[in-house]
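Worksheet: one structure, shown below.
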Amino acid sequence: MSVTVDYYMTLNSPWTYLGGALFTEIAARNGASVNIKPAKFGPIFEQTGGLPLPKRSPQRRAYRLMDLKRWREVRGIPLVLEPKYVPCDDLAATRLLIAAKLQGKDALKLSIEFGRALWEREETLVDPATVALAAQRAGLDAAELRANAPADAELDALHEQFTREAIAAGVFGAPSFVLPSGEIFWGQDRLELLERALKQAA
């Protein structure tokens with residue numbers, strides 16, 4: 001029986017991007033389904049005691065950069081540590097991501113390509129051309145996705161719903177992977193533990 005992993009993420013997180021490709025591989029080789037749920041982590045931090053990056057101590061910010069550099073090497077991903085367009089207004093891209101999910105398209109692959117635009121290519125997701133090219137790299141047509149999508153208000157309501165669901169599930173950081181049992185794996189550095197749990201469930 002296939003296990004469904006609820007995947008709470010945000011495009012503005014380098015950790016989400018660092019883990020995206022490996023998570024895709026893990027889900028595929030363990031026959032797991034992925035229920036991607038883009039969420040707003042500002043409200044999640046407010047509810048769970050987290051701090052946005054600018055409000056963290058200098059020591060925590062410095063450690064974050066050291067850790068990003070280490071994991072960039074471990075995962076073999078040429079991530080830019082401080083890209084010029086991050087934090088980015090990712091509303092249009094997130095709407096397209098939710099639209100792809102609703103249409104049964106490969107929203108996980110699309111999320112990785114949006115992450116690549118931000119974290120490798122130093123592009124801004126505010127630019128419709130960037131969004132369209134990222135979708136194209138994922139094998140999708142942005143214009144077609146938009147044409148077949150619900151109104152923006154409905155997509156935004158789903159974004160809010162996923163945020164509420166994240167808080168209800170006990171999520172406090174991105175990325176988070178939640179199993180049907182309620183067990184949470186927070187961070188791309190917990191992916192090996194997630195795979196261990198999926199193998200045990202099988």
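Chain labels run A, B, ... following the order of the structure tokens; each chain numbers its residues from 1, and ligands are numbered from 1 in the order shown.
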
Within 12 Å of segment 105-113 of chain A: each segment 23-65 of chain A residue with its shortest pair, only C-alpha atoms, as CSV:
```
residue,atom,partner,partner_atom,distance
A:Phe23,CA,A:Leu108,CA,9.4
A:Thr24,CA,A:Leu108,CA,7.4
A:Glu25,CA,A:Lys109,CA,11.1
A:Ala27,CA,A:Leu108,CA,10.8
A:Ala28,CA,A:Leu108,CA,11.7
A:Ser33,CA,A:Leu108,CA,10.8
A:Val34,CA,A:Leu108,CA,8.0
A:Asn35,CA,A:Leu108,CA,9.0
A:Ile36,CA,A:Leu108,CA,6.9
A:Lys37,CA,A:Ala107,CA,9.9
A:Pro38,CA,A:Ser111,CA,9.3
```

Restricted to N, CA and C atoms, what would the selected residues look like written as an mmCIF file, in the first residue's frame?
```cif
data_model
loop_
_atom_site.group_PDB
_atom_site.id
_atom_site.type_symbol
_atom_site.label_atom_id
_atom_site.label_comp_id
_atom_site.auth_asym_id
_atom_site.auth_seq_id
_atom_site.Cartn_x
_atom_site.Cartn_y
_atom_site.Cartn_z
ATOM 1 N N PHE A 23 14.461 14.141 -2.370
ATOM 2 C CA PHE A 23 13.125 13.739 -1.924
ATOM 3 C C PHE A 23 12.368 13.077 -3.065
ATOM 4 N N THR A 24 12.472 13.614 -4.268
ATOM 5 C CA THR A 24 11.819 13.023 -5.432
ATOM 6 C C THR A 24 12.300 11.593 -5.645
ATOM 7 N N GLU A 25 13.615 11.385 -5.543
ATOM 8 C CA GLU A 25 14.178 10.048 -5.720
ATOM 9 C C GLU A 25 13.692 9.091 -4.635
ATOM 10 N N ALA A 27 10.952 9.261 -2.779
ATOM 11 C CA ALA A 27 9.534 8.948 -2.955
ATOM 12 C C ALA A 27 9.357 7.916 -4.069
ATOM 13 N N ALA A 28 10.073 8.095 -5.173
ATOM 14 C CA ALA A 28 9.929 7.193 -6.317
ATOM 15 C C ALA A 28 10.390 5.780 -5.986
ATOM 16 N N SER A 33 3.565 8.355 -2.493
ATOM 17 C CA SER A 33 2.912 9.471 -3.160
ATOM 18 C C SER A 33 3.270 10.755 -2.418
ATOM 19 N N VAL A 34 3.336 11.853 -3.164
ATOM 20 C CA VAL A 34 3.683 13.144 -2.568
ATOM 21 C C VAL A 34 2.497 14.085 -2.685
ATOM 22 N N ASN A 35 2.082 14.626 -1.552
ATOM 23 C CA ASN A 35 1.011 15.625 -1.511
ATOM 24 C C ASN A 35 1.671 16.960 -1.179
ATOM 25 N N ILE A 36 2.056 17.690 -2.225
ATOM 26 C CA ILE A 36 2.794 18.937 -2.022
ATOM 27 C C ILE A 36 1.860 20.029 -1.533
ATOM 28 N N LYS A 37 2.292 20.741 -0.494
ATOM 29 C CA LYS A 37 1.446 21.767 0.124
ATOM 30 C C LYS A 37 2.272 23.034 0.371
ATOM 31 N N PRO A 38 2.366 23.908 -0.615
ATOM 32 C CA PRO A 38 3.065 25.175 -0.399
ATOM 33 C C PRO A 38 2.395 25.948 0.734
#
```

Could you tell me, as a PyMOL selection string, which residues of chain A DSSP assigns to strand (DSSP E) when given the backbone? chain A and resi 4-9+33-38+176-178+184-186

Residue subset to file, keeping N, CA and C atoms, as an mmCIF file, in the first residue's frame:
```cif
data_model
loop_
_atom_site.group_PDB
_atom_site.id
_atom_site.type_symbol
_atom_site.label_atom_id
_atom_site.label_comp_id
_atom_site.auth_asym_id
_atom_site.auth_seq_id
_atom_site.Cartn_x
_atom_site.Cartn_y
_atom_site.Cartn_z
ATOM 1 N N THR A 4 1.411 8.111 1.564
ATOM 2 C CA THR A 4 1.383 9.495 1.077
ATOM 3 C C THR A 4 2.125 10.386 2.058
ATOM 4 N N VAL A 5 3.073 11.137 1.535
ATOM 5 C CA VAL A 5 3.847 12.075 2.344
ATOM 6 C C VAL A 5 3.320 13.483 2.086
ATOM 7 N N ASP A 6 2.842 14.143 3.139
ATOM 8 C CA ASP A 6 2.470 15.557 3.019
ATOM 9 C C ASP A 6 3.756 16.381 3.070
ATOM 10 N N TYR A 7 3.952 17.162 2.018
ATOM 11 C CA TYR A 7 5.206 17.892 1.839
ATOM 12 C C TYR A 7 4.931 19.385 1.956
ATOM 13 N N TYR A 8 5.315 19.952 3.116
ATOM 14 C CA TYR A 8 5.117 21.382 3.376
ATOM 15 C C TYR A 8 6.400 22.124 3.015
ATOM 16 N N MET A 9 6.281 23.095 2.117
ATOM 17 C CA MET A 9 7.478 23.744 1.587
ATOM 18 C C MET A 9 7.201 25.192 1.214
ATOM 19 N N SER A 33 3.565 8.355 -2.493
ATOM 20 C CA SER A 33 2.912 9.471 -3.160
ATOM 21 C C SER A 33 3.270 10.755 -2.418
ATOM 22 N N VAL A 34 3.336 11.853 -3.164
ATOM 23 C CA VAL A 34 3.683 13.144 -2.568
ATOM 24 C C VAL A 34 2.497 14.085 -2.685
ATOM 25 N N ASN A 35 2.082 14.626 -1.552
ATOM 26 C CA ASN A 35 1.011 15.625 -1.511
ATOM 27 C C ASN A 35 1.671 16.960 -1.179
ATOM 28 N N ILE A 36 2.056 17.690 -2.225
ATOM 29 C CA ILE A 36 2.794 18.937 -2.022
ATOM 30 C C ILE A 36 1.860 20.029 -1.533
ATOM 31 N N LYS A 37 2.292 20.741 -0.494
ATOM 32 C CA LYS A 37 1.446 21.767 0.124
ATOM 33 C C LYS A 37 2.272 23.034 0.371
ATOM 34 N N PRO A 38 2.366 23.908 -0.615
ATOM 35 C CA PRO A 38 3.065 25.175 -0.399
ATOM 36 C C PRO A 38 2.395 25.948 0.734
ATOM 37 N N SER A 176 9.175 20.349 5.494
ATOM 38 C CA SER A 176 8.729 19.337 6.444
ATOM 39 C C SER A 176 7.964 18.258 5.695
ATOM 40 N N PHE A 177 8.208 17.031 6.106
ATOM 41 C CA PHE A 177 7.612 15.860 5.479
ATOM 42 C C PHE A 177 6.821 15.137 6.568
ATOM 43 N N VAL A 178 5.522 14.971 6.356
ATOM 44 C CA VAL A 178 4.656 14.411 7.399
ATOM 45 C C VAL A 178 4.023 13.115 6.891
ATOM 46 N N ILE A 184 6.774 13.659 11.868
ATOM 47 C CA ILE A 184 7.311 14.770 11.075
ATOM 48 C C ILE A 184 8.816 14.599 10.903
ATOM 49 N N PHE A 185 9.279 14.889 9.695
ATOM 50 C CA PHE A 185 10.705 14.968 9.417
ATOM 51 C C PHE A 185 10.969 16.382 8.924
ATOM 52 N N TRP A 186 11.663 17.166 9.740
ATOM 53 C CA TRP A 186 11.907 18.575 9.407
ATOM 54 C C TRP A 186 13.305 18.725 8.840
#
```

Applying 6 Å and only C-alpha atoms, which residues near segment 161-171 of chain A remain after dropping the ones on its own chain fewer than 2 positions away? List them as a PyMOL selection string. chain A and resi 37+39-40+158-159

Would you mind exporting the chosen residues as a PDB file, in the first residue's frame, restricted to C-alpha atoms?
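In the end it all went to out18.pdb:
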```
ATOM      1  CA  LYS A  37       1.446  21.767   0.124  1.00  0.00           C
ATOM      2  CA  ALA A  39       2.646  27.084   2.847  1.00  0.00           C
ATOM      3  CA  LYS A  40       3.306  30.548   4.264  1.00  0.00           C
ATOM      4  CA  LEU A 158      -5.651  26.931  -0.831  1.00  0.00           C
ATOM      5  CA  HIS A 159      -2.307  28.500   0.061  1.00  0.00           C
TER       6      HIS A 159
END
```

Within 10 Å of Ala201 of chain A using only C-alpha atoms, minus same-chain residues under 5 positions, as a ChimeraX atom specification: /A:1-3,30,179,195-196

Nearest to Glu120 of chain A among A:Lys55, A:Arg70, A:Arg64, A:Lys84, with distances taken over only C-alpha atoms: which residue is it?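 The shortest atom-to-atom distance to Glu120 of chain A comes from A:Lys84.
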
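Between atom CA of Ala21 of chain A and atom CA of Pro175 of chain A the interatomic distance comes to 12.7 Å.
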
Pro87 of chain A surroundings by only C-alpha atoms, 9 Å radius, close-in-sequence under 3 positions cut, as a list in words: Asn12, Ser13, Pro83, Lys84 and Asp90 of chain A

Dump of C-alpha atoms for the selected residues, as a PDB file, in the first residue's frame:
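This is the output file result15.pdb:
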```pdb
ATOM      1  CA  ASN A  12      12.075  30.966  -0.569  1.00  0.00           C
ATOM      2  CA  SER A  13      13.767  28.244   1.473  1.00  0.00           C
ATOM      3  CA  PRO A  83      21.162  35.211  -4.160  1.00  0.00           C
ATOM      4  CA  LYS A  84      20.233  38.787  -4.972  1.00  0.00           C
ATOM      5  CA  ASP A  90       6.893  34.072  -4.985  1.00  0.00           C
TER       6      ASP A  90
END
```

Residues near segment 132-147 of chain A, cut-off 12 Å, only C-alpha atoms, skip fewer than 6 positions along chain, as an NGL selection string: :A and (92-118 or 120-121 or 123-126 or 155)

Grab the residues selected above and save them as a compact mmCIF listing (two decimals), in the first residue's frame with N, CA and C atoms.
```txt
# COMPACT_ATOMS: atom_id res chain seq x y z
N ALA A 92 3.18 34.51 -7.61
CA ALA A 92 2.78 34.01 -8.93
C ALA A 92 3.25 32.57 -9.14
N ALA A 93 4.48 32.29 -8.72
CA ALA A 93 5.02 30.94 -8.87
C ALA A 93 4.27 29.95 -7.99
N THR A 94 3.95 30.37 -6.77
CA THR A 94 3.21 29.48 -5.86
C THR A 94 1.81 29.20 -6.39
N ARG A 95 1.17 30.20 -6.95
CA ARG A 95 -0.14 29.98 -7.57
C ARG A 95 -0.04 28.95 -8.68
N LEU A 96 1.01 29.06 -9.50
CA LEU A 96 1.18 28.12 -10.60
C LEU A 96 1.47 26.72 -10.07
N LEU A 97 2.21 26.65 -8.99
CA LEU A 97 2.51 25.37 -8.36
C LEU A 97 1.23 24.69 -7.88
N ILE A 98 0.38 25.46 -7.23
CA ILE A 98 -0.89 24.90 -6.75
C ILE A 98 -1.77 24.52 -7.93
N ALA A 99 -1.76 25.33 -8.97
CA ALA A 99 -2.54 25.01 -10.17
C ALA A 99 -2.07 23.69 -10.78
N ALA A 100 -0.76 23.49 -10.84
CA ALA A 100 -0.22 22.24 -11.38
C ALA A 100 -0.66 21.05 -10.52
N LYS A 101 -0.62 21.23 -9.22
CA LYS A 101 -1.08 20.17 -8.30
C LYS A 101 -2.54 19.81 -8.57
N LEU A 102 -3.38 20.83 -8.70
CA LEU A 102 -4.81 20.59 -8.92
C LEU A 102 -5.07 19.89 -10.25
N GLN A 103 -4.21 20.14 -11.23
CA GLN A 103 -4.39 19.56 -12.56
C GLN A 103 -3.68 18.22 -12.72
N GLY A 104 -3.13 17.71 -11.63
CA GLY A 104 -2.48 16.41 -11.68
C GLY A 104 -1.15 16.41 -12.41
N LYS A 105 -0.54 17.56 -12.54
CA LYS A 105 0.76 17.68 -13.19
C LYS A 105 1.87 17.44 -12.16
N ASP A 106 3.11 17.42 -12.65
CA ASP A 106 4.24 17.14 -11.76
C ASP A 106 4.64 18.42 -11.01
N ALA A 107 3.88 18.72 -9.97
CA ALA A 107 4.13 19.94 -9.19
C ALA A 107 5.45 19.86 -8.44
N LEU A 108 5.87 18.65 -8.08
CA LEU A 108 7.14 18.49 -7.37
C LEU A 108 8.30 18.90 -8.28
N LYS A 109 8.27 18.44 -9.52
CA LYS A 109 9.32 18.82 -10.48
C LYS A 109 9.29 20.32 -10.74
N LEU A 110 8.08 20.88 -10.83
CA LEU A 110 7.94 22.32 -11.04
C LEU A 110 8.54 23.09 -9.88
N SER A 111 8.31 22.63 -8.66
CA SER A 111 8.87 23.32 -7.49
C SER A 111 10.39 23.32 -7.52
N ILE A 112 10.98 22.23 -7.99
CA ILE A 112 12.44 22.15 -8.08
C ILE A 112 12.96 23.15 -9.10
N GLU A 113 12.26 23.29 -10.22
CA GLU A 113 12.71 24.24 -11.24
C GLU A 113 12.53 25.69 -10.78
N PHE A 114 11.47 25.97 -10.02
CA PHE A 114 11.35 27.31 -9.44
C PHE A 114 12.49 27.56 -8.46
N GLY A 115 12.83 26.53 -7.68
CA GLY A 115 13.95 26.65 -6.76
C GLY A 115 15.25 26.88 -7.49
N ARG A 116 15.43 26.18 -8.60
CA ARG A 116 16.65 26.38 -9.40
C ARG A 116 16.75 27.82 -9.89
N ALA A 117 15.62 28.38 -10.34
CA ALA A 117 15.62 29.77 -10.81
C ALA A 117 16.11 30.71 -9.71
N LEU A 118 15.60 30.51 -8.49
CA LEU A 118 15.97 31.39 -7.38
C LEU A 118 17.38 31.14 -6.87
N GLU A 120 19.94 28.86 -7.93
CA GLU A 120 21.10 28.57 -8.78
C GLU A 120 21.30 29.65 -9.83
N ARG A 121 20.21 30.04 -10.47
CA ARG A 121 20.30 30.96 -11.61
C ARG A 121 20.20 32.43 -11.21
N GLU A 123 17.57 34.25 -10.49
CA GLU A 123 16.50 34.91 -11.21
C GLU A 123 15.38 35.25 -10.23
N THR A 124 14.51 36.15 -10.62
CA THR A 124 13.40 36.52 -9.75
C THR A 124 12.11 35.90 -10.26
N LEU A 125 11.33 35.34 -9.35
CA LEU A 125 10.05 34.73 -9.71
C LEU A 125 8.97 35.77 -9.93
N VAL A 126 9.31 37.04 -9.76
CA VAL A 126 8.38 38.12 -10.08
C VAL A 126 8.27 38.26 -11.60
N LEU A 155 -6.89 29.93 -5.54
CA LEU A 155 -5.52 29.44 -5.34
C LEU A 155 -4.93 30.00 -4.05
```

Can you list every residue in segment 57-170 of chain A that DSSP puts in alpha helix (DSSP H), as a count of residues only? 77

Interatomic distance (Å, one decimal) between atom CA of Gly31 of chain A and atom CA of Ala202 of chain A: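 Atom-to-atom, atom CA of Gly31 of chain A and atom CA of Ala202 of chain A are spaced 9.1 Å apart.
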